[in-house]
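For reference, input.csv is printed below; it contains CSV, C-alpha atoms and all ligand atoms.
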```
chain,number,residue,atom,x,y,z
C,1026,MET,CA,135.2,67.1,15.4
C,1027,ASP,CA,135.5,70.5,13.8
C,1028,LEU,CA,132.1,72.2,13.4
C,1029,ASN,CA,131.3,75.3,11.5
C,1030,ILE,CA,128.0,76.7,12.5
C,1031,ALA,CA,126.2,79.8,11.0
C,1032,LEU,CA,124.7,81.8,13.8
C,1033,LEU,CA,121.6,83.8,12.8
C,1034,ALA,CA,120.3,85.5,15.9
C,1035,GLY,CA,117.7,87.6,14.1
C,1036,ASP,CA,115.2,89.9,15.9
C,1037,GLY,CA,113.5,90.5,19.2
C,1038,ILE,CA,114.5,87.9,21.8
C,1039,GLY,CA,116.5,86.0,19.1
C,1040,PRO,CA,119.9,87.3,20.2
C,1041,GLU,CA,119.2,86.5,23.9
C,1042,VAL,CA,118.1,82.9,23.4
C,1043,ILE,CA,120.8,82.3,20.8
C,1044,ASP,CA,123.4,83.5,23.4
C,1045,GLN,CA,122.3,80.8,25.8
C,1046,ALA,CA,122.4,78.1,23.1
C,1047,VAL,CA,125.9,79.1,22.3
C,1048,LYS,CA,126.9,78.8,26.0
C,1049,VAL,CA,125.4,75.3,26.2
C,1050,CYS,CA,126.9,74.1,22.8
C,1051,ASP,CA,130.4,75.5,23.8
C,1052,ALA,CA,130.1,73.5,27.1
C,1053,VAL,CA,129.2,70.4,25.2
C,1054,ALA,CA,132.1,71.0,22.7
C,1055,LYS,CA,134.5,71.3,25.6
C,1056,LYS,CA,133.3,68.1,27.3
C,1057,TYR,CA,133.3,66.0,24.1
C,1058,ASP,CA,136.4,67.5,22.6
C,1059,HIS,CA,134.8,69.3,19.6
C,1060,ASN,CA,135.8,72.6,18.2
C,1061,ILE,CA,132.9,74.9,17.2
C,1062,LYS,CA,133.5,77.9,14.9
C,1063,TRP,CA,130.5,80.2,15.1
C,1064,THR,CA,130.0,82.5,12.2
C,1065,PRO,CA,127.4,85.2,12.9
C,1066,ALA,CA,125.3,86.7,10.1
C,1067,LEU,CA,122.4,89.2,9.8
C,1068,THR,CA,118.7,88.3,9.2
C,1069,GLY,CA,115.3,89.9,9.6
C,1070,ALA,CA,114.7,93.5,10.8
C,1071,ALA,CA,118.3,93.7,11.9
C,1072,ALA,CA,119.4,93.0,8.4
C,1073,ILE,CA,116.9,95.4,6.9
C,1074,GLU,CA,118.3,98.2,9.1
C,1075,ALA,CA,121.9,97.4,8.2
C,1076,VAL,CA,121.6,96.6,4.5
C,1077,GLY,CA,118.0,97.1,3.4
C,1078,GLU,CA,117.4,93.3,2.9
C,1079,PRO,CA,116.1,90.7,5.4
C,1080,TYR,CA,118.2,87.8,4.0
C,1081,PRO,CA,121.3,89.4,2.4
C,1082,ASP,CA,123.5,87.4,0.0
C,1083,GLU,CA,126.4,87.6,2.4
C,1084,THR,CA,124.2,85.7,5.0
C,1085,HIS,CA,123.3,83.1,2.4
C,1086,GLU,CA,127.0,82.6,1.7
C,1087,VAL,CA,127.7,82.0,5.4
C,1088,CYS,CA,124.8,79.5,5.5
C,1089,VAL,CA,125.7,77.4,2.5
C,1090,ASN,CA,129.3,77.2,3.7
C,1091,ALA,CA,128.4,76.0,7.2
C,1092,ASP,CA,127.8,72.5,8.5
C,1093,ALA,CA,124.5,73.7,10.1
C,1094,VAL,CA,122.6,76.9,10.8
C,1095,LEU,CA,121.3,77.8,14.2
C,1096,PHE,CA,118.6,80.4,14.0
C,1097,GLY,CA,116.8,82.6,16.7
C,1098,ALA,CA,113.7,84.4,15.6
C,1099,ILE,CA,112.5,86.9,13.0
C,1100,GLY,CA,109.9,89.7,13.2
C,1101,HIS,CA,109.5,93.3,14.4
C,1102,PRO,CA,106.3,95.1,15.5
C,1103,ARG,CA,107.3,98.1,13.4
C,1104,PHE,CA,106.5,96.1,10.3
C,1105,ASP,CA,103.4,94.2,11.7
C,1106,ASN,CA,101.4,97.3,12.0
C,1107,ASP,CA,102.4,98.7,8.6
C,1108,PRO,CA,100.7,96.6,5.9
C,1109,SER,CA,102.2,98.8,3.2
C,1110,ALA,CA,105.8,98.0,4.2
C,1111,LYS,CA,107.7,97.0,1.1
C,1112,VAL,CA,110.2,94.7,2.8
C,1113,ARG,CA,109.2,92.6,5.8
C,1114,PRO,CA,111.5,90.7,8.2
C,1115,GLU,CA,109.5,87.5,7.6
C,1116,GLN,CA,110.3,87.6,3.9
C,1117,GLY,CA,113.9,87.0,5.0
C,1118,LEU,CA,112.8,83.7,6.7
C,1119,LEU,CA,110.8,82.6,3.7
C,1120,LYS,CA,113.7,83.5,1.3
C,1121,MET,CA,116.1,81.7,3.5
C,1122,ARG,CA,114.0,78.5,3.6
C,1123,GLN,CA,113.6,78.6,-0.1
C,1124,LYS,CA,117.1,79.4,-1.1
C,1125,LEU,CA,118.5,76.8,1.2
C,1126,GLY,CA,116.0,74.3,-0.1
C,1127,LEU,CA,114.7,73.5,3.4
C,1128,PHE,CA,111.5,71.7,2.2
C,1129,ALA,CA,110.8,69.7,5.4
C,1130,ASN,CA,110.3,71.2,8.8
C,1131,VAL,CA,110.5,68.7,11.6
C,1132,ARG,CA,108.5,69.8,14.7
C,1133,PRO,CA,108.4,67.2,17.5
C,1134,THR,CA,105.8,67.4,20.2
C,1135,PHE,CA,106.5,65.7,23.5
C,1136,THR,CA,105.8,66.2,27.2
C,1137,PHE,CA,108.3,66.9,29.9
C,1138,PRO,CA,107.7,64.8,33.1
C,1139,SER,CA,107.9,67.7,35.4
C,1140,LEU,CA,105.6,69.9,33.4
C,1141,VAL,CA,102.6,67.6,32.7
C,1142,ASP,CA,100.5,69.3,35.3
C,1143,LYS,CA,101.3,72.8,33.9
C,1144,SER,CA,99.6,72.1,30.6
C,1145,PRO,CA,96.0,73.4,30.5
C,1146,LEU,CA,95.2,69.9,29.1
C,1147,LYS,CA,94.5,67.0,31.5
C,1148,ARG,CA,97.4,64.7,32.5
C,1149,ASP,CA,95.8,61.5,31.2
C,1150,ARG,CA,95.3,63.0,27.8
C,1151,ILE,CA,98.9,64.3,27.2
C,1152,GLU,CA,101.3,62.3,29.3
C,1153,GLY,CA,103.5,60.2,27.1
C,1154,THR,CA,102.7,62.2,23.9
C,1155,ASP,CA,105.5,61.8,21.3
C,1156,LEU,CA,104.6,62.9,17.9
C,1157,ILE,CA,106.3,64.6,15.0
C,1158,ILE,CA,104.6,67.1,12.6
C,1159,LEU,CA,106.5,67.2,9.4
C,1160,ARG,CA,105.5,70.4,7.7
C,1161,GLU,CA,106.1,71.2,4.1
C,1162,LEU,CA,108.1,74.4,4.2
C,1163,THR,CA,108.9,75.7,0.7
C,1164,GLY,CA,105.6,75.5,-1.1
C,1165,GLY,CA,101.9,75.9,-0.8
C,1166,VAL,CA,100.1,79.1,-0.1
C,1167,TYR,CA,103.2,80.7,1.4
C,1168,PHE,CA,104.9,80.7,-2.0
C,1169,GLY,CA,102.0,80.5,-4.5
C,1170,GLU,CA,100.8,83.3,-6.7
C,1171,ARG,CA,99.4,86.3,-4.8
C,1172,GLY,CA,98.3,89.8,-5.5
C,1173,ARG,CA,95.5,92.3,-5.7
C,1174,LYS,CA,93.0,92.7,-8.4
C,1175,ASP,CA,92.7,96.0,-10.3
C,1176,ASP,CA,89.7,97.1,-8.3
C,1177,GLY,CA,91.9,97.2,-5.2
C,1178,ASN,CA,89.3,95.5,-3.1
C,1179,THR,CA,90.2,91.9,-4.0
C,1180,ALA,CA,93.3,90.0,-2.8
C,1181,PHE,CA,94.3,86.4,-3.5
C,1182,ASP,CA,96.9,83.9,-2.3
C,1183,THR,CA,97.1,80.5,-4.1
C,1184,MET,CA,97.9,77.1,-2.7
C,1185,THR,CA,99.9,75.4,-5.3
C,1186,TYR,CA,101.7,72.0,-5.0
C,1187,GLN,CA,103.6,70.0,-7.5
C,1188,ARG,CA,103.7,66.2,-7.2
C,1189,PHE,CA,107.5,66.1,-6.6
C,1190,GLU,CA,107.1,68.5,-3.7
C,1191,ILE,CA,104.6,66.2,-2.0
C,1192,GLN,CA,106.7,63.1,-2.8
C,1193,ARG,CA,109.9,64.3,-1.3
C,1194,LEU,CA,108.1,65.4,1.9
C,1195,ALA,CA,106.1,62.2,2.1
C,1196,LYS,CA,109.3,60.2,1.6
C,1197,LYS,CA,110.7,61.7,4.7
C,1198,GLY,CA,107.5,61.0,6.5
C,1199,PHE,CA,107.5,57.4,5.5
C,1200,GLU,CA,111.1,57.0,6.5
C,1201,MET,CA,110.5,58.6,9.8
C,1202,ALA,CA,107.5,56.4,10.5
C,1203,MET,CA,109.6,53.3,9.7
C,1204,LYS,CA,112.0,54.2,12.5
C,1205,ARG,CA,109.1,54.9,14.9
C,1206,SER,CA,105.8,53.2,15.3
C,1207,LYS,CA,105.1,52.8,11.6
C,1208,LYS,CA,102.1,55.1,11.7
C,1209,LEU,CA,101.7,58.0,9.2
C,1210,CYS,CA,98.9,60.5,9.1
C,1211,CYS,CA,98.4,62.7,6.0
C,1212,VAL,CA,96.6,65.8,7.1
C,1213,ASP,CA,94.8,67.8,4.4
C,1214,LYS,CA,91.5,69.4,3.3
C,1215,ALA,CA,90.9,67.0,0.4
C,1216,ASN,CA,87.1,67.4,0.7
C,1217,VAL,CA,87.5,71.0,-0.6
C,1218,LEU,CA,90.9,71.7,-2.0
C,1219,GLU,CA,92.4,70.4,-5.3
C,1220,ALA,CA,95.9,70.8,-4.0
C,1221,SER,CA,94.9,68.5,-1.1
C,1222,ARG,CA,93.5,65.9,-3.5
C,1223,LEU,CA,96.9,65.8,-5.2
C,1224,TRP,CA,98.5,65.2,-1.8
C,1225,ARG,CA,96.2,62.3,-1.1
C,1226,GLU,CA,96.7,60.8,-4.6
C,1227,THR,CA,100.5,61.1,-4.3
C,1228,VAL,CA,100.7,59.7,-0.8
C,1229,GLN,CA,98.4,56.8,-1.7
C,1230,ALA,CA,100.6,55.9,-4.6
C,1231,MET,CA,103.6,55.7,-2.3
C,1232,GLU,CA,102.0,53.4,0.2
C,1233,LYS,CA,103.0,50.3,-1.7
C,1234,ASP,CA,106.7,51.1,-1.2
C,1235,TYR,CA,106.3,51.1,2.5
C,1236,PRO,CA,104.0,48.1,3.2
C,1237,GLU,CA,104.8,48.1,6.9
C,1238,VAL,CA,103.5,51.6,7.4
C,1239,THR,CA,99.9,52.2,8.2
C,1240,VAL,CA,98.7,55.4,6.6
C,1241,THR,CA,95.6,57.3,7.6
C,1242,TYR,CA,94.2,60.4,5.9
C,1243,GLU,CA,92.4,63.1,8.0
C,1244,PHE,CA,91.0,66.5,7.4
C,1245,VAL,CA,92.9,69.4,9.0
C,1246,ASP,CA,89.9,70.8,10.8
C,1247,ALA,CA,89.2,67.5,12.5
C,1248,VAL,CA,92.9,67.1,13.4
C,1249,ALA,CA,92.9,70.5,15.0
C,1250,MET,CA,90.3,69.1,17.4
C,1251,ARG,CA,91.7,65.6,17.9
C,1252,LEU,CA,95.3,66.7,18.3
C,1253,ILE,CA,94.6,68.2,21.7
C,1254,GLN,CA,91.8,65.8,22.6
C,1255,TRP,CA,93.9,62.7,22.1
C,1256,PRO,CA,97.5,63.5,21.0
C,1257,LYS,CA,98.7,60.0,21.7
C,1258,GLY,CA,96.7,58.8,18.7
C,1259,TYR,CA,99.3,60.4,16.4
C,1260,ASP,CA,102.9,59.5,15.6
C,1261,VAL,CA,104.2,61.1,12.3
C,1262,ILE,CA,102.0,63.7,10.6
C,1263,ILE,CA,102.7,65.1,7.2
C,1264,THR,CA,101.0,68.2,6.1
C,1265,ALA,CA,101.1,71.3,3.9
C,1266,ASN,CA,102.9,74.5,4.9
C,1267,LEU,CA,100.1,76.6,6.3
C,1268,PHE,CA,98.3,73.6,8.0
C,1269,GLY,CA,101.6,72.7,9.6
C,1270,ASP,CA,102.2,76.3,10.8
C,1271,ILE,CA,98.8,76.3,12.6
C,1272,LEU,CA,98.9,72.8,14.0
C,1273,THR,CA,102.4,73.2,15.5
C,1274,ASP,CA,101.4,76.3,17.5
C,1275,GLU,CA,98.4,74.3,18.7
C,1276,ALA,CA,100.6,71.3,19.6
C,1277,SER,CA,102.9,73.4,21.7
C,1278,VAL,CA,100.2,73.7,24.3
C,1279,ILE,CA,100.6,69.9,25.0
C,1280,SER,CA,104.2,70.5,26.1
C,1281,GLY,CA,103.3,73.4,28.4
C,1282,SER,CA,104.9,76.4,26.6
C,1283,MET,CA,105.8,77.7,23.2
C,1284,GLY,CA,109.2,78.4,24.7
C,1285,LEU,CA,110.0,74.7,24.8
C,1286,MET,CA,109.4,73.5,21.2
C,1287,PRO,CA,112.4,73.0,19.0
C,1288,SER,CA,112.5,72.3,15.2
C,1289,SER,CA,114.8,71.4,12.4
C,1290,SER,CA,114.4,72.3,8.8
C,1291,VAL,CA,116.0,69.9,6.3
C,1292,GLY,CA,116.4,69.6,2.6
C,1293,SER,CA,119.0,68.8,0.1
C,1294,THR,CA,122.0,70.7,1.6
C,1295,VAL,CA,122.6,72.4,4.9
C,1296,SER,CA,120.0,72.0,7.7
C,1297,LEU,CA,118.7,74.7,10.0
C,1298,TYR,CA,117.7,74.6,13.6
C,1299,GLU,CA,115.3,77.0,15.2
C,1300,PRO,CA,112.7,77.3,18.0
C,1301,ILE,CA,109.1,77.3,16.8
C,1302,HIS,CA,108.3,80.5,18.7
C,1303,GLY,CA,108.6,84.0,17.2
C,1304,SER,CA,110.6,87.1,18.2
C,1305,TYR,CA,108.4,88.0,21.2
C,1306,PRO,CA,108.9,91.8,20.9
C,1307,GLN,CA,107.4,92.6,24.3
C,1308,ALA,CA,110.2,90.7,26.1
C,1309,THR,CA,113.0,92.0,24.0
C,1310,GLY,CA,116.1,93.0,26.0
C,1311,LYS,CA,114.5,92.1,29.3
C,1312,ASP,CA,116.4,88.8,29.8
C,1313,ILE,CA,113.1,87.0,30.5
C,1314,ALA,CA,112.5,84.8,27.4
C,1315,ASN,CA,112.7,81.1,27.7
C,1316,PRO,CA,115.9,79.9,25.9
C,1317,LEU,CA,115.0,76.1,26.1
C,1318,ALA,CA,113.4,75.8,22.6
C,1319,THR,CA,116.6,77.1,21.0
C,1320,ILE,CA,118.8,75.0,23.2
C,1321,LEU,CA,116.7,71.9,22.4
C,1322,SER,CA,117.0,72.9,18.7
C,1323,ALA,CA,120.7,72.7,19.2
C,1324,ALA,CA,120.3,69.2,20.6
C,1325,MET,CA,118.5,68.3,17.4
C,1326,MET,CA,121.5,69.7,15.5
C,1327,PHE,CA,123.9,67.4,17.4
C,1328,GLU,CA,121.6,64.4,16.9
C,1329,ASP,CA,121.5,65.0,13.1
C,1330,MET,CA,125.3,65.0,13.1
C,1331,ASN,CA,125.2,61.6,14.7
C,1332,LEU,CA,126.5,63.2,18.0
C,1333,THR,CA,123.9,61.3,20.0
C,1334,GLN,CA,125.6,61.5,23.4
C,1335,GLU,CA,126.0,65.3,23.1
C,1336,ALA,CA,122.3,65.6,22.2
C,1337,GLU,CA,121.2,63.4,25.1
C,1338,ASN,CA,123.4,65.4,27.4
C,1339,ILE,CA,121.6,68.6,26.5
C,1340,ARG,CA,118.2,67.0,26.8
C,1341,SER,CA,119.0,65.6,30.2
C,1342,VAL,CA,120.2,68.9,31.7
C,1343,VAL,CA,117.1,70.6,30.3
C,1344,ASN,CA,115.0,68.0,32.0
C,1345,LYS,CA,117.0,68.5,35.2
C,1346,ALA,CA,116.5,72.3,35.0
C,1347,LEU,CA,112.8,71.9,34.6
C,1348,ALA,CA,112.6,69.4,37.5
C,1349,GLU,CA,114.6,71.7,39.8
C,1350,GLY,CA,112.6,74.8,38.8
C,1351,ILE,CA,115.5,76.6,37.0
C,1352,VAL,CA,113.0,78.2,34.6
C,1353,THR,CA,112.0,81.5,33.2
C,1354,GLU,CA,108.8,83.3,34.1
C,1355,ASP,CA,106.6,81.6,31.6
C,1356,LEU,CA,107.1,78.4,33.5
C,1357,ALA,CA,107.7,79.7,37.0
C,1358,GLU,CA,104.0,79.8,38.2
C,1359,GLY,CA,104.5,81.7,41.5
C,1360,GLY,CA,107.9,80.1,42.0
C,1361,LYS,CA,111.2,81.9,41.4
C,1362,ALA,CA,111.6,83.1,37.9
C,1363,TYR,CA,115.2,82.9,36.6
C,1364,LYS,CA,116.6,85.2,33.9
C,1365,THR,CA,117.2,83.9,30.4
C,1366,SER,CA,121.0,84.3,31.0
C,1367,GLU,CA,120.8,82.5,34.4
C,1368,VAL,CA,119.1,79.5,32.8
C,1369,GLY,CA,121.8,79.4,30.1
C,1370,ASP,CA,124.6,79.7,32.7
C,1371,TRP,CA,123.0,76.9,34.9
C,1372,LEU,CA,122.7,74.6,31.9
C,1373,ALA,CA,126.2,75.2,30.7
C,1374,LYS,CA,127.6,74.5,34.1
C,1375,ASN,CA,125.6,71.3,34.5
C,1376,ILE,CA,126.7,69.9,31.1
C,1401,LIG,C1,106.9,79.7,12.0
C,1401,LIG,C2,106.5,81.1,11.9
C,1401,LIG,C3,106.8,81.7,10.5
C,1401,LIG,C4,105.9,80.9,9.5
C,1401,LIG,C5,106.5,83.2,10.3
C,1401,LIG,C6,107.4,84.0,11.3
C,1401,LIG,C7,106.8,83.6,8.9
C,1401,LIG,O1,105.2,81.3,12.3
C,1401,LIG,O2,108.1,79.4,11.7
C,1401,LIG,O3,106.1,78.9,12.3
C,1401,LIG,O4,104.7,81.2,9.4
C,1401,LIG,O5,106.4,79.9,9.0
C,1402,MG,MG,104.3,79.5,13.0
```
Could you quickly redo this structure as C-alpha cells?
Ligand code: IPM
Ligand code: MG
Amino acid sequence: MDLNIALLAGDGIGPEVIDQAVKVCDAVAKKYDHNIKWTPALTGAAAIEAVGEPYPDETHEVCVNADAVLFGAIGHPRFDNDPSAKVRPEQGLLKMRQKLGLFANVRPTFTFPSLVDKSPLKRDRIEGTDLIILRELTGGVYFGERGRKDDGNTAFDTMTYQRFEIQRLAKKGFEMAMKRSKKLCCVDKANVLEASRLWRETVQAMEKDYPEVTVTYEFVDAVAMRLIQWPKGYDVIITANLFGDILTDEASVISGSMGLMPSSSVGSTVSLYEPIHGSYPQATGKDIANPLATILSAAMMFEDMNLTQEAENIRSVVNKALAEGIVTEDLAEGGKAYKTSEVGDWLAKNI
C-alpha cells in the first residue's frame, strides 16, 4: 500500500520523538511491503520563527492532501512566560484541529503488564484498566468568545456548545461503546453549567437509537476522583474539550507515564495522531524523552487504516521493550536509562 503521511514534528522534544516513530513505521513498511512517503511541514514555535505563523497555510495544504498526519508536540517556554505574546505556538494546534475538522479526540487509557507496579496507584485498582476518553476537540471554552472588559481587570472565556457538535461526538461515543462493553458515560457539570445541560439533553435523546448501550451521567468533579479510585468502572467516556483535557492528563497516571499515552483526532476528513504529552522543553535536544507515546500513536494510525497486523506488531514490540527494560529515564527507576534514539533503534530492529 502507498501511504502519504504529513509529518509535523513541532517543538521541544517533538522532532526527537517523531524521528523514532518514523524509524519504527519505516521498519513496519518494509516488513509488510508498504511504501510510506513522509512530507514534513512546520508547526508551532518553529513555524512562528520561520514564517511568523504557528499553522501556516502551506502546512494545512500538506495535511489535507495526506492520508494521515503524525504530529509531535507544540509549545515553547519563550511564549509561556510572556502573556502579552500576540502569536502563541498553541494557537497553531487549535487552528489545526479546527481547520482539519478534528472534532473527536480519542485518548485510550490502558495498563502495560510490566509497568503496573510503577504506577503510584495500587495494582488491584488499575490492573486491567481499558477505557477510552473521547474528548470534544473543536468547541467549548477553547473556542468560545473571550476577551477583556474595558476596565482591563476583567477577563472572560465562554463555554459554548451547539447541539450538532454534541451529537456528532456522542455518535462516535455510542458507536465505540457498541464495539466494546456497551457502556457509555457522559461527563459534564450539568448541576451548574447550561452548556452541560444541553449535553445531557442531547445525549439522552440519542439513547433510544442505541438500546443496547447503558448510558450513565456523572459530574466531572466526581469523575476526577473515581477515575483514579476505580478506573475499571469506566469504558467509553464522552466529554467536553476542557474536561477531557484535564481528565486525560489525570488518566495517564494509571498507565505509569505521560510518555506512554497515544491519541488520535478524527473528524470528517484526514485524521491526526499525536502523543498526549507536551513539548517538554527541559528535555529538548537531550535525547532522553520517551518516544513510546508517539510510536503508539503511529500504531493507532495503522489500525485506523485497517492495517491491524502492523498496529499489533508495533504494540507487541513496545510491550517487549517495556518488559526487557529498554526504556528512557522516566521509566528506568534505578535501572539503565536508554536514550530516546536507542529505544527507537531497538524497536525498529525488533519489528
Ligand atoms: C493537549 C494539550 C493542548 C490542549 C495544549 C498544548 C493546547 O494540553 O493536547 O491536551 O490543551 O488541548
Ligand atoms: Mg492536555
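Residues within 10 Å of Ala1247 in chain C, counting all atoms listed in the file and excluding same-chain residues fewer than 3 positions away, are Val1212, Asp1213, Lys1214, Glu1243, Phe1244, Met1250, Arg1251 and Leu1252 of chain C.
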Legend entry - Atom-to-atom span, CA of Thr1183 in chain C and atom MG of ligand MG 1402 (chain C), Å: 18.6 Å
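Taking CA of Asp1044 in chain C and CA of Met1286 in chain C as the two end points, the separation is 17.3 Å.
Coordinates place CA of Glu1190 in chain C at a distance of 16.4 Å from CA of Glu1170 in chain C.
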Against ligand MG 1402 (chain C), which residues of chain C fall within 9 Å? For each one I want the closest pair of atoms and the distance in Å (one decimal), counting only C-alpha atoms and all ligand atoms, rows by chain and increasing residue number, as a tab-separated table.
```
residue	atom	partner	partner_atom	distance
C:Leu1267	CA	C:MG1402	MG	8.4
C:Gly1269	CA	C:MG1402	MG	8.1
C:Asp1270	CA	C:MG1402	MG	4.4
C:Ile1271	CA	C:MG1402	MG	6.4
C:Leu1272	CA	C:MG1402	MG	8.7
C:Thr1273	CA	C:MG1402	MG	7.0
C:Asp1274	CA	C:MG1402	MG	6.2
C:Ile1301	CA	C:MG1402	MG	6.5
C:His1302	CA	C:MG1402	MG	7.0
C:Gly1303	CA	C:MG1402	MG	7.5
```
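In terms of minimum interatomic distance to ligand LIG 1401 (chain C), C:Arg1132 ranks closest within C:Arg1132, C:Arg1188, C:Lys1257, C:Arg1148, counting all atoms listed in the file.
Residue nearest ligand LIG 1401 (chain C) within the list C:Ala1230, C:Val1240, C:Ile1099, C:Ile1157: C:Ile1099 [criterion: smallest interatomic distance, only C-alpha atoms and all ligand atoms].
Nearest residue to Phe1199 in chain C among C:Leu1317, C:Leu1156, C:Val1261, C:Ala1249 is C:Val1261, counting all atoms listed in the file.
Using only C-alpha atoms, the shortest contact distance between Asp1370 in chain C and any of C:Pro1316, C:Gly1177, C:Gly1258, C:Gly1165 is found at C:Pro1316.
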Which residues, written as a PDB file with C-alpha atoms, keeping the file's coordinate frame, have at least one atom at most 12 Å from Thr1333 in chain C, with all atoms listed in the file counted and residues fewer than 5 positions away on the same chain left out?
```
ATOM      1  CA  VAL C1053     129.200  70.400  25.200  1.00  0.00           C
ATOM      2  CA  TYR C1057     133.300  66.000  24.100  1.00  0.00           C
ATOM      3  CA  ALA C1323     120.700  72.700  19.200  1.00  0.00           C
ATOM      4  CA  ALA C1324     120.300  69.200  20.600  1.00  0.00           C
ATOM      5  CA  MET C1325     118.500  68.300  17.400  1.00  0.00           C
ATOM      6  CA  MET C1326     121.500  69.700  15.500  1.00  0.00           C
ATOM      7  CA  PHE C1327     123.900  67.400  17.400  1.00  0.00           C
ATOM      8  CA  GLU C1328     121.600  64.400  16.900  1.00  0.00           C
ATOM      9  CA  ASN C1338     123.400  65.400  27.400  1.00  0.00           C
ATOM     10  CA  ILE C1339     121.600  68.600  26.500  1.00  0.00           C
ATOM     11  CA  ARG C1340     118.200  67.000  26.800  1.00  0.00           C
TER      12      ARG C1340
END
```
Need a file for range 1072-1087 of chain C from that block: N, CA, C and O atoms, written as a PDB file, in the first residue's frame.
```
ATOM      1  N   ALA C1072       7.403  27.170  13.406  1.00  0.00           N
ATOM      2  CA  ALA C1072       6.760  27.845  12.273  1.00  0.00           C
ATOM      3  C   ALA C1072       6.683  29.356  12.504  1.00  0.00           C
ATOM      4  O   ALA C1072       6.816  30.142  11.567  1.00  0.00           O
ATOM      5  N   ILE C1073       6.480  29.757  13.764  1.00  0.00           N
ATOM      6  CA  ILE C1073       6.445  31.205  14.062  1.00  0.00           C
ATOM      7  C   ILE C1073       7.791  31.819  13.697  1.00  0.00           C
ATOM      8  O   ILE C1073       7.871  32.880  13.074  1.00  0.00           O
ATOM      9  N   GLU C1074       8.853  31.118  14.072  1.00  0.00           N
ATOM     10  CA  GLU C1074      10.188  31.631  13.755  1.00  0.00           C
ATOM     11  C   GLU C1074      10.421  31.735  12.245  1.00  0.00           C
ATOM     12  O   GLU C1074      10.949  32.719  11.759  1.00  0.00           O
ATOM     13  N   ALA C1075       9.980  30.709  11.526  1.00  0.00           N
ATOM     14  CA  ALA C1075      10.252  30.669  10.090  1.00  0.00           C
ATOM     15  C   ALA C1075       9.340  31.608   9.297  1.00  0.00           C
ATOM     16  O   ALA C1075       9.806  32.342   8.436  1.00  0.00           O
ATOM     17  N   VAL C1076       8.038  31.589   9.596  1.00  0.00           N
ATOM     18  CA  VAL C1076       7.113  32.369   8.759  1.00  0.00           C
ATOM     19  C   VAL C1076       6.143  33.251   9.544  1.00  0.00           C
ATOM     20  O   VAL C1076       5.216  33.829   8.973  1.00  0.00           O
ATOM     21  N   GLY C1077       6.331  33.346  10.886  1.00  0.00           N
ATOM     22  CA  GLY C1077       5.503  34.249  11.695  1.00  0.00           C
ATOM     23  C   GLY C1077       4.111  33.735  12.012  1.00  0.00           C
ATOM     24  O   GLY C1077       3.241  34.480  12.440  1.00  0.00           O
ATOM     25  N   GLU C1078       3.878  32.440  11.845  1.00  0.00           N
ATOM     26  CA  GLU C1078       2.525  31.864  11.944  1.00  0.00           C
ATOM     27  C   GLU C1078       2.637  30.438  12.456  1.00  0.00           C
ATOM     28  O   GLU C1078       3.408  29.667  11.898  1.00  0.00           O
ATOM     29  N   PRO C1079       1.895  30.053  13.523  1.00  0.00           N
ATOM     30  CA  PRO C1079       2.097  28.699  14.076  1.00  0.00           C
ATOM     31  C   PRO C1079       1.469  27.555  13.257  1.00  0.00           C
ATOM     32  O   PRO C1079       1.840  26.402  13.454  1.00  0.00           O
ATOM     33  N   TYR C1080       0.523  27.865  12.381  1.00  0.00           N
ATOM     34  CA  TYR C1080      -0.027  26.823  11.496  1.00  0.00           C
ATOM     35  C   TYR C1080      -0.200  27.438  10.107  1.00  0.00           C
ATOM     36  O   TYR C1080      -1.297  27.854   9.708  1.00  0.00           O
ATOM     37  N   PRO C1081       0.907  27.528   9.364  1.00  0.00           N
ATOM     38  CA  PRO C1081       0.873  28.211   8.075  1.00  0.00           C
ATOM     39  C   PRO C1081      -0.005  27.484   7.048  1.00  0.00           C
ATOM     40  O   PRO C1081      -0.229  26.276   7.152  1.00  0.00           O
ATOM     41  N   ASP C1082      -0.477  28.234   6.064  1.00  0.00           N
ATOM     42  CA  ASP C1082      -1.315  27.662   5.001  1.00  0.00           C
ATOM     43  C   ASP C1082      -0.629  26.503   4.278  1.00  0.00           C
ATOM     44  O   ASP C1082      -1.270  25.525   3.913  1.00  0.00           O
ATOM     45  N   GLU C1083       0.685  26.636   4.101  1.00  0.00           N
ATOM     46  CA  GLU C1083       1.421  25.566   3.396  1.00  0.00           C
ATOM     47  C   GLU C1083       1.320  24.258   4.188  1.00  0.00           C
ATOM     48  O   GLU C1083       1.194  23.173   3.618  1.00  0.00           O
ATOM     49  N   THR C1084       1.367  24.381   5.510  1.00  0.00           N
ATOM     50  CA  THR C1084       1.267  23.186   6.353  1.00  0.00           C
ATOM     51  C   THR C1084      -0.132  22.584   6.232  1.00  0.00           C
ATOM     52  O   THR C1084      -0.298  21.367   6.128  1.00  0.00           O
ATOM     53  N   HIS C1085      -1.126  23.447   6.208  1.00  0.00           N
ATOM     54  CA  HIS C1085      -2.508  22.968   6.066  1.00  0.00           C
ATOM     55  C   HIS C1085      -2.675  22.209   4.740  1.00  0.00           C
ATOM     56  O   HIS C1085      -3.300  21.146   4.708  1.00  0.00           O
ATOM     57  N   GLU C1086      -2.084  22.753   3.688  1.00  0.00           N
ATOM     58  CA  GLU C1086      -2.146  22.088   2.375  1.00  0.00           C
ATOM     59  C   GLU C1086      -1.562  20.678   2.447  1.00  0.00           C
ATOM     60  O   GLU C1086      -2.125  19.715   1.940  1.00  0.00           O
ATOM     61  N   VAL C1087      -0.391  20.589   3.095  1.00  0.00           N
ATOM     62  CA  VAL C1087       0.270  19.280   3.236  1.00  0.00           C
ATOM     63  C   VAL C1087      -0.666  18.309   3.974  1.00  0.00           C
ATOM     64  O   VAL C1087      -0.829  17.157   3.574  1.00  0.00           O
TER      65      VAL C1087
END
```
